[in-house]
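See below for target-v2.tsv, which holds TSV, C-alpha atoms.
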chain	number	residue	atom	x	y	z
A	1	MET	CA	33.03	56.93	23.33
A	2	GLU	CA	35.98	59.05	22.36
A	3	ASN	CA	39.42	57.74	22.59
A	4	TYR	CA	42.05	60.41	22.61
A	5	ASN	CA	44.99	58.17	21.93
A	6	GLU	CA	43.43	56.05	19.21
A	7	ILE	CA	45.05	56.81	15.86
A	8	ASP	CA	41.95	55.74	13.93
A	9	ASP	CA	39.86	58.09	16.00
A	10	ILE	CA	42.16	61.00	15.25
A	11	LEU	CA	42.25	60.21	11.53
A	12	ALA	CA	38.47	59.88	11.39
A	13	GLU	CA	38.16	63.44	12.67
A	14	GLU	CA	40.41	64.69	9.88
A	15	GLU	CA	37.65	64.16	7.33
A	16	PHE	CA	36.35	67.36	5.79
A	17	VAL	CA	32.77	68.53	6.21
A	18	PRO	CA	31.03	71.37	4.39
A	19	VAL	CA	30.04	74.19	6.74
A	20	VAL	CA	28.17	77.48	6.52
A	21	PHE	CA	29.29	80.30	8.79
A	22	GLN	CA	26.52	81.70	10.94
A	23	LYS	CA	28.53	84.64	12.23
A	24	ALA	CA	30.96	87.06	10.73
A	25	ILE	CA	34.42	86.33	12.05
A	26	ASN	CA	37.30	88.80	12.10
A	27	GLY	CA	40.94	88.03	11.57
A	28	VAL	CA	40.64	84.80	9.57
A	29	LYS	CA	40.69	83.99	5.90
A	30	ILE	CA	39.28	80.95	4.25
A	31	ASP	CA	40.43	81.97	0.81
A	32	GLU	CA	43.96	83.23	0.19
A	33	SER	CA	42.97	85.18	-2.90
A	34	THR	CA	40.59	87.58	-1.18
A	35	GLU	CA	41.65	90.92	0.16
A	36	LYS	CA	39.24	90.85	3.04
A	37	GLY	CA	40.62	89.88	6.41
A	38	TYR	CA	37.36	88.50	7.76
A	39	ILE	CA	34.67	85.96	6.97
A	40	GLU	CA	31.21	87.10	6.12
A	41	GLN	CA	28.10	85.57	7.57
A	42	GLY	CA	26.72	82.89	5.27
A	43	SER	CA	29.99	82.04	3.52
A	44	LYS	CA	30.62	78.38	2.78
A	45	THR	CA	33.75	76.31	3.09
A	46	GLU	CA	35.03	72.88	4.09
A	47	LEU	CA	36.69	72.33	7.44
A	48	PRO	CA	38.11	69.24	9.12
A	49	PHE	CA	35.55	67.65	11.39
A	50	TRP	CA	37.43	68.36	14.64
A	51	LEU	CA	37.41	72.08	13.90
A	52	ALA	CA	33.87	72.14	12.56
A	53	ARG	CA	32.60	70.44	15.72
A	54	GLU	CA	34.22	72.99	18.01
A	55	LEU	CA	32.81	75.85	15.95
A	56	HIS	CA	29.43	74.19	15.83
A	57	MET	CA	29.36	73.97	19.63
A	58	ARG	CA	29.89	77.73	19.74
A	59	GLN	CA	27.15	78.15	17.15
A	60	ALA	CA	29.57	79.79	14.74
A	61	VAL	CA	28.90	77.36	11.89
A	62	SER	CA	26.23	74.95	10.79
A	63	ILE	CA	27.38	71.61	9.43
A	64	SER	CA	25.83	70.22	6.25
A	65	VAL	CA	25.94	66.63	5.06
A	66	PRO	CA	29.28	65.69	3.46
A	67	ALA	CA	29.52	63.87	0.14
A	68	CYS	CA	29.96	60.41	1.62
A	69	PHE	CA	26.50	60.58	3.21
A	70	ASN	CA	24.63	62.33	0.42
A	71	GLN	CA	21.45	61.14	-1.21
A	72	LYS	CA	23.26	59.29	-3.99
A	73	THR	CA	25.32	57.21	-1.57
A	74	ARG	CA	22.23	56.43	0.47
A	75	LEU	CA	20.38	55.18	-2.54
A	76	GLU	CA	23.35	53.00	-3.48
A	77	ILE	CA	23.49	51.59	0.04
A	78	GLN	CA	19.80	50.84	-0.03
A	79	ALA	CA	20.17	49.12	-3.40
A	80	ASP	CA	23.03	46.85	-2.44
A	81	ALA	CA	25.16	47.91	0.50
A	82	ALA	CA	27.70	45.16	-0.10
A	83	CYS	CA	28.82	46.50	-3.47
A	84	VAL	CA	29.30	50.14	-2.55
A	85	ASP	CA	32.88	51.33	-2.59
A	86	LEU	CA	32.99	52.94	0.83
A	87	ARG	CA	36.75	53.14	1.04
A	88	SER	CA	37.05	55.70	-1.71
A	89	ARG	CA	34.25	57.75	-0.19
A	90	CYS	CA	35.49	57.71	3.36
A	91	PRO	CA	37.86	55.13	4.87
A	92	TYR	CA	36.38	55.83	8.32
A	93	PHE	CA	32.78	55.66	7.18
A	94	TYR	CA	31.31	54.26	10.41
A	95	GLU	CA	33.43	56.18	12.91
A	96	PHE	CA	32.99	59.45	11.03
A	97	GLY	CA	29.29	58.82	10.54
A	98	SER	CA	28.62	58.15	14.18
A	99	LYS	CA	30.43	61.32	15.19
A	100	LEU	CA	28.63	63.34	12.57
A	101	ALA	CA	25.12	62.01	13.09
A	102	PRO	CA	24.18	64.01	16.22
A	103	LEU	CA	25.54	67.25	14.73
A	104	CYS	CA	23.93	67.38	11.32
A	105	ASP	CA	21.57	64.59	10.36
A	106	LYS	CA	20.27	61.92	12.70
A	107	THR	CA	19.24	59.59	9.90
A	108	ILE	CA	22.92	58.84	9.30
A	109	GLY	CA	22.81	57.00	12.61
A	110	LEU	CA	20.23	54.63	11.15
A	111	LEU	CA	22.10	54.19	7.90
A	112	LEU	CA	25.30	52.94	9.54
A	113	PRO	CA	24.04	49.78	11.28
A	114	TYR	CA	21.92	48.96	8.25
A	115	ALA	CA	24.92	49.15	5.91
A	116	PHE	CA	27.17	47.29	8.32
A	117	ARG	CA	24.79	44.37	8.81
A	118	ILE	CA	24.56	43.70	5.08
A	119	ARG	CA	28.24	44.21	4.42
A	120	TYR	CA	29.13	42.01	7.39
A	121	LYS	CA	27.47	39.00	5.75
A	122	LYS	CA	29.33	39.56	2.54
A	123	ILE	CA	32.64	39.91	4.37
A	124	LEU	CA	31.93	36.73	6.29
A	125	HIS	CA	31.38	34.67	3.16
A	126	LYS	CA	34.14	36.18	1.08
A	127	ALA	CA	36.75	36.02	3.81
A	128	HIS	CA	36.17	32.38	4.73
A	129	ALA	CA	35.38	31.02	1.29
A	130	ILE	CA	38.33	32.25	-0.76
A	131	ALA	CA	41.31	31.39	1.36
A	132	PHE	CA	43.96	32.73	-0.95
A	133	ALA	CA	42.20	35.31	-3.03
A	134	ALA	CA	44.98	37.62	-4.04
A	135	ALA	CA	43.25	38.91	-7.15
A	136	SER	CA	39.85	39.59	-5.60
A	137	LYS	CA	38.56	43.11	-5.99
A	138	PHE	CA	36.35	42.91	-2.93
A	139	PRO	CA	38.81	44.02	-0.20
A	140	THR	CA	39.38	47.33	-1.98
A	141	LEU	CA	35.77	48.32	-1.28
A	142	LEU	CA	36.05	48.00	2.49
A	143	THR	CA	36.50	50.66	5.13
A	144	ARG	CA	39.20	50.43	7.77
A	145	GLU	CA	36.98	48.70	10.29
A	146	GLU	CA	35.76	46.17	7.74
A	147	THR	CA	39.26	45.52	6.45
A	148	SER	CA	40.41	44.54	9.93
A	149	LEU	CA	37.51	42.09	10.13
A	150	TYR	CA	38.27	40.67	6.71
A	151	GLU	CA	41.96	40.28	7.42
A	152	ALA	CA	41.31	38.65	10.79
A	153	ALA	CA	39.18	36.00	9.11
A	154	GLN	CA	41.62	35.47	6.25
A	155	SER	CA	44.67	35.16	8.44
A	156	SER	CA	43.15	32.68	10.87
A	157	MET	CA	41.80	30.61	7.99
A	158	ALA	CA	45.17	30.64	6.26
A	159	ALA	CA	46.92	29.69	9.51
A	160	PHE	CA	44.55	26.76	9.95
A	161	LYS	CA	45.08	25.57	6.36
A	162	LYS	CA	48.82	25.80	6.82
A	163	TRP	CA	48.69	23.77	10.00
A	164	ARG	CA	46.54	21.11	8.35
A	165	ALA	CA	48.84	20.82	5.36
A	166	GLY	CA	51.71	20.08	7.73
A	167	GLY	CA	55.20	20.92	6.59
A	168	PRO	CA	58.28	21.82	8.56
A	169	ARG	CA	57.64	22.08	12.26
A	170	LEU	CA	60.69	24.11	13.08
A	171	GLN	CA	60.99	27.61	11.80
A	172	ARG	CA	64.39	28.85	10.83
A	173	ALA	CA	65.29	32.20	12.31
A	174	SER	CA	65.64	34.74	9.56
A	175	ILE	CA	69.07	35.73	10.78
A	176	LEU	CA	70.52	32.25	10.27
A	177	GLY	CA	70.36	32.27	6.50
A	178	ARG	CA	72.45	35.38	6.07
A	179	LYS	CA	76.03	35.23	5.20
A	180	ARG	CA	78.49	37.24	7.12
A	181	LYS	CA	79.87	40.27	5.39
A	182	PRO	CA	83.44	39.70	4.38
A	183	ALA	CA	85.77	41.82	6.47
A	184	GLU	CA	87.29	44.55	4.43
B	1	MET	CA	41.55	44.63	26.95
B	2	ALA	CA	44.45	46.44	25.34
B	3	GLY	CA	45.98	43.12	24.35
B	4	GLN	CA	42.79	42.00	22.67
B	5	SER	CA	41.99	45.06	20.68
B	6	ASP	CA	45.28	45.48	18.91
B	7	SER	CA	46.28	41.86	18.30
B	8	THR	CA	45.89	40.97	14.67
B	9	MET	CA	46.17	37.24	15.23
B	10	SER	CA	43.92	34.98	17.22
B	11	LEU	CA	44.75	34.20	20.81
B	12	PHE	CA	46.16	30.73	20.12
B	13	SER	CA	47.94	29.45	17.05
B	14	SER	CA	46.90	26.13	15.55
B	15	GLU	CA	50.14	24.59	16.82
B	16	GLU	CA	49.30	25.61	20.37
B	17	ILE	CA	45.87	24.04	20.10
B	18	GLU	CA	47.54	20.87	18.84
B	19	PHE	CA	49.85	20.96	21.85
B	20	MET	CA	46.84	21.10	24.19
B	21	ALA	CA	45.20	18.24	22.34
B	22	GLU	CA	48.19	16.04	23.14
B	23	ASP	CA	47.00	15.85	26.74
B	24	GLU	CA	43.94	13.80	25.78
B	25	MET	CA	44.07	10.21	26.94
B	26	THR	CA	44.46	7.38	24.44
B	27	GLU	CA	44.72	3.64	24.75
B	28	ILE	CA	47.93	1.96	23.66
B	29	VAL	CA	49.10	-1.65	23.50
B	30	PRO	CA	52.77	-1.68	24.43
B	31	ASN	CA	55.15	-4.34	23.16
B	32	LEU	CA	57.75	-3.85	25.85
B	33	ARG	CA	58.07	-4.35	29.56
B	34	MET	CA	58.65	-1.12	31.44
B	35	ASP	CA	58.15	0.19	34.97
B	36	SER	CA	55.61	2.89	35.58
B	37	LEU	CA	56.54	6.42	34.54
B	38	ASN	CA	56.12	9.18	37.13
B	39	PHE	CA	55.50	12.59	35.65
B	40	ILE	CA	54.23	15.84	37.09
B	41	CYS	CA	50.97	15.30	35.22
B	42	GLY	CA	50.51	11.81	36.66
B	43	ASP	CA	51.82	8.26	36.81
B	44	TYR	CA	51.44	5.95	33.83
B	45	GLY	CA	52.13	2.26	33.60
B	46	PRO	CA	53.59	-0.16	34.44
B	47	PHE	CA	53.66	-1.36	30.85
B	48	LEU	CA	53.42	-5.02	30.02
B	49	PRO	CA	53.44	-6.48	26.50
B	50	GLN	CA	49.96	-6.93	25.00
B	51	LEU	CA	48.18	-5.33	27.94
B	52	ALA	CA	46.37	-2.13	27.03
B	53	ALA	CA	47.21	1.01	29.00
B	54	GLN	CA	45.85	4.55	29.15
B	55	VAL	CA	48.39	7.30	28.43
B	56	PRO	CA	48.27	10.86	27.16
B	57	LEU	CA	48.51	11.27	23.42
B	58	TRP	CA	51.98	12.82	23.51
B	59	LEU	CA	53.36	9.80	25.36
B	60	ALA	CA	51.58	7.44	23.01
B	61	LEU	CA	53.12	9.21	20.00
B	62	ALA	CA	56.58	9.23	21.56
B	63	LEU	CA	56.39	5.48	22.18
B	64	LYS	CA	54.91	4.93	18.74
B	65	LYS	CA	57.77	6.77	17.04
B	66	ARG	CA	60.22	4.44	18.76
B	67	GLY	CA	58.17	1.42	17.73
B	68	LYS	CA	57.32	0.44	21.30
B	69	CYS	CA	53.55	0.27	21.03
B	70	THR	CA	50.52	0.29	18.79
B	71	ILE	CA	47.81	2.87	19.31
B	72	ARG	CA	44.22	1.69	19.65
B	73	LEU	CA	41.91	3.76	17.54
B	74	PRO	CA	39.52	5.75	19.77
B	75	GLN	CA	35.92	4.56	19.73
B	76	TRP	CA	34.61	7.69	18.03
B	77	MET	CA	37.04	7.28	15.12
B	78	SER	CA	35.50	4.02	13.90
B	79	VAL	CA	34.03	4.12	10.40
B	80	GLU	CA	30.52	3.23	11.70
B	81	ASN	CA	30.50	6.00	14.27
B	82	LEU	CA	31.85	8.61	11.87
B	83	THR	CA	29.31	7.67	9.20
B	84	ARG	CA	26.56	8.03	11.77
B	85	VAL	CA	27.91	11.40	12.96
B	86	LEU	CA	28.21	12.67	9.40
B	87	GLU	CA	24.62	11.77	8.63
B	88	ALA	CA	23.37	13.36	11.82
B	89	GLU	CA	25.52	16.40	11.11
B	90	ARG	CA	23.89	16.78	7.70
B	91	ASP	CA	20.34	16.22	8.94
B	92	SER	CA	20.30	18.32	12.04
B	93	HIS	CA	20.93	21.96	12.62
B	94	ALA	CA	22.92	21.44	15.82
B	95	PHE	CA	26.51	20.29	16.20
B	96	GLN	CA	26.94	16.62	17.03
B	97	PRO	CA	28.94	15.74	20.14
B	98	LEU	CA	32.52	14.91	19.16
B	99	PRO	CA	35.70	15.12	21.23
B	100	PHE	CA	36.73	18.71	21.86
B	101	HIS	CA	40.00	18.15	20.01
B	102	TYR	CA	38.76	15.84	17.26
B	103	ILE	CA	40.50	17.67	14.39
B	104	GLU	CA	43.88	17.72	16.11
B	105	ILE	CA	43.72	14.16	17.46
B	106	SER	CA	42.76	12.74	14.10
B	107	ARG	CA	45.50	14.65	12.35
B	108	LEU	CA	48.15	13.52	14.82
B	109	LEU	CA	47.04	9.92	14.43
B	110	PHE	CA	47.02	10.16	10.62
B	111	ASP	CA	50.51	11.58	10.67
B	112	HIS	CA	52.17	9.24	13.13
B	113	ALA	CA	50.09	6.08	13.46
B	114	ARG	CA	48.71	5.42	10.01
B	115	GLU	CA	49.39	1.68	10.14
B	116	ASP	CA	47.25	1.37	13.30
B	117	ILE	CA	44.15	2.75	11.56
B	118	PRO	CA	42.12	0.27	9.56
B	119	ASP	CA	40.39	1.94	6.57
B	120	MET	CA	42.67	4.93	6.91
B	121	TYR	CA	41.42	6.63	3.74
B	122	MET	CA	37.80	6.11	4.63
B	123	VAL	CA	38.29	7.52	8.12
B	124	ARG	CA	40.24	10.46	6.82
B	125	SER	CA	37.70	11.45	4.18
B	126	LEU	CA	34.84	11.03	6.66
B	127	ILE	CA	36.52	13.38	9.10
B	128	GLU	CA	37.21	15.87	6.33
B	129	ASP	CA	33.54	15.75	5.35
B	130	ILE	CA	32.37	16.20	8.92
B	131	ARG	CA	34.71	19.14	9.34
B	132	ASP	CA	33.42	20.78	6.15
B	133	VAL	CA	29.77	20.31	7.09
B	134	ARG	CA	30.42	21.70	10.54
B	135	PHE	CA	32.34	24.66	9.26
B	136	HIS	CA	29.55	25.49	6.90
B	137	LYS	CA	27.23	25.44	9.90
B	138	VAL	CA	29.55	27.76	11.78
B	139	GLU	CA	29.34	30.19	8.87
B	140	THR	CA	25.54	30.15	8.72
B	141	ASN	CA	25.48	30.68	12.47
B	142	LEU	CA	27.87	33.61	12.19
B	143	GLU	CA	25.65	35.12	9.58
B	144	LYS	CA	22.75	35.21	11.99
B	145	PHE	CA	24.36	36.56	15.06
B	146	THR	CA	24.04	40.08	16.36
B	147	ALA	CA	25.10	41.58	19.64
B	148	SER	CA	22.61	39.45	21.56
B	149	THR	CA	23.37	36.23	23.41
B	150	VAL	CA	25.14	33.54	21.42
B	151	THR	CA	24.92	29.87	22.42
B	152	TRP	CA	26.42	27.16	20.28
B	153	LYS	CA	26.92	23.78	21.84
B	154	ASN	CA	29.56	21.19	20.96
B	155	MET	CA	31.91	23.32	18.94
B	156	SER	CA	35.44	21.98	18.93
B	157	ALA	CA	38.63	23.78	19.91
B	158	MET	CA	39.90	24.27	16.37
B	159	GLU	CA	36.57	25.48	15.04
B	160	VAL	CA	36.38	28.07	17.79
B	161	ASN	CA	39.95	29.12	17.21
B	162	VAL	CA	39.52	29.67	13.47
B	163	ILE	CA	36.70	32.15	13.98
B	164	ARG	CA	37.94	33.66	17.24
B	165	ALA	CA	39.51	36.82	15.82
B	166	PHE	CA	36.73	37.44	13.34
B	167	ALA	CA	33.85	36.82	15.73
B	168	GLY	CA	35.42	38.94	18.45
B	169	ARG	CA	35.79	41.92	16.18
B	170	ALA	CA	32.36	41.48	14.64
B	171	LEU	CA	30.72	41.41	18.08
B	172	GLN	CA	32.59	44.53	19.10
B	173	ALA	CA	31.45	46.30	15.95
B	174	PHE	CA	27.83	45.25	16.42
B	175	TYR	CA	27.94	46.33	20.03
B	176	LYS	CA	29.33	49.71	19.05
B	177	HIS	CA	26.74	50.32	16.35
B	178	ASP	CA	23.85	49.23	18.52
B	179	ASN	CA	24.93	51.52	21.33
B	180	GLU	CA	25.31	54.47	19.03
B	181	GLN	CA	21.87	53.93	17.67
B	182	GLN	CA	20.32	53.95	21.10
B	183	THR	CA	22.13	56.93	22.61
B	184	PRO	CA	22.41	59.73	20.08
B	185	ASP	CA	20.34	62.00	22.31
B	186	THR	CA	22.62	61.77	25.32
B	187	ASP	CA	25.63	62.41	23.09
B	188	ARG	CA	23.99	65.49	21.79
B	189	ALA	CA	23.11	66.74	25.26
B	190	GLN	CA	26.75	66.36	26.29
B	191	ASP	CA	27.93	68.18	23.20
B	192	LYS	CA	25.60	71.07	23.80
B	193	GLN	CA	26.61	71.71	27.37
B	194	PRO	CA	29.60	73.97	26.60
B	195	GLN	CA	27.33	76.36	24.70
B	196	SER	CA	26.05	78.04	27.80
B	197	THR	CA	29.53	79.02	28.92
B	198	TYR	CA	30.43	80.86	25.73

Could the structure of this file be written out as structure tokens, please?
Amino acid sequence: MENYNEIDDILAEEEFVPVVFQKAINGVKIDESTEKGYIEQGSKTELPFWLARELHMRQAVSISVPACFNQKTRLEIQADAACVDLRSRCPYFYEFGSKLAPLCDKTIGLLLPYAFRIRYKKILHKAHAIAFAAASKFPTLLTREETSLYEAAQSSMAAFKKWRAGGPRLQRASILGRKRKPAE
Amino acid sequence: MAGQSDSTMSLFSSEEIEFMAEDEMTEIVPNLRMDSLNFICGDYGPFLPQLAAQVPLWLALALKKRGKCTIRLPQWMSVENLTRVLEAERDSHAFQPLPFHYIEISRLLFDHAREDIPDMYMVRSLIEDIRDVRFHKVETNLEKFTASTVTWKNMSAMEVNVIRAFAGRALQAFYKHDNEQQTPDTDRAQDKQPQSTY
């Protein structure tokens, strides 16, 4: 499912995950302040997902559950998935989650479709009901994937409303209105 | 596929749908004498005063703007029929059969041929009501769908177009999530393969 050239895919892998080193590694530092030039077995740090996955494949680290999938978030999602602010937790919640699930905790894989189904209904109603909701707080809670859904619905609804209201049929090219610069 | 995934707008704009709707046939009563017109899309006429003729909507509107004809209101746009459709629309769960371009045709007629429509305000508000009821139905249908088969009969061009971008993306997302749920094990097997080499 990976898409090397997809910018969203690349950005999703930039998210940090907490890891525990299973092996001692020479020649690297995870903390600038230490004198030691190696990493001890069992030391903890956060690494970007793309690096953690490679190290995990070589059994150098074990990945633990990052903050956006912790118990607190799960409870919130179970309570009312539609009201959880997923954007501030992780803008690539679904993409990141699906990549992470096989490596650290398979139950994340069940959480994602559950959350999406409930949030989808809310997006559907909000996006089509309020055609020009500039002040609504709702869009700020959405992840990237959900925002694209929301905006697709809003823009096609707004385009339809505009067509129905009528108005000028011919659009003026933006360049026509400008005045020429006076020659100096 | 590339064109679909990155386009933010729907495939057609409302104006383009309106343009397609102008090919629907309408009945006009000309008030001039004119030989038949030969176009690529077909031959229309000859036109004789007070004898009804079938022409595409765009031609009817062009003649109407020049005051050369009156447009006969289509059968489905009569107050009786619309009242009946609205009631059926409210009672039943399914969409009632209406012309594929009913929103566009009615708007074009309201804009350009208002004096040919008896009970203009009644007709207009009935069509507005029907459109609202139907759109509400579209929303409840959208709420129910998942990545399985979707069959909705009798949706009109504009209704489809309004939800096209949203529904396309939603289906893609559902498809993605469902697939991930089913195949975590194979993903994992693939990920583990490199281990043996190191």

Worksheet entry | Length of the CA of Ile130 (chain B) to CA of Glu89 (chain B) vector [Å] | 7.2 Å

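Between Phe16 (chain A) and the residues A:Ile175, A:Ala79, A:Met157, A:Val65, the shortest atom-to-atom distance, using only C-alpha atoms, involves A:Val65.
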
Practice prompt. Give me, as a PyMOL selection string, the contact residues of chain A against chain B at a cut-off of 10 Å, counting only C-alpha atoms.
Written response: chain A and resi 1+53-54+56-59+94-95+98-99+101-103+106-114+116-118+120-125+127-129+145-146+148-166+169

Item to complete: Compare A:Val17, A:Leu11, A:Val61, A:Cys104 by their minimum atom-to-atom distance to Tyr92 (chain A), counting only C-alpha atoms, and give me the closest one.
Response: A:Leu11

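If you look at CA of Glu40 (chain A) and CA of Val28 (chain A), they are 10.3 Å away from each other.
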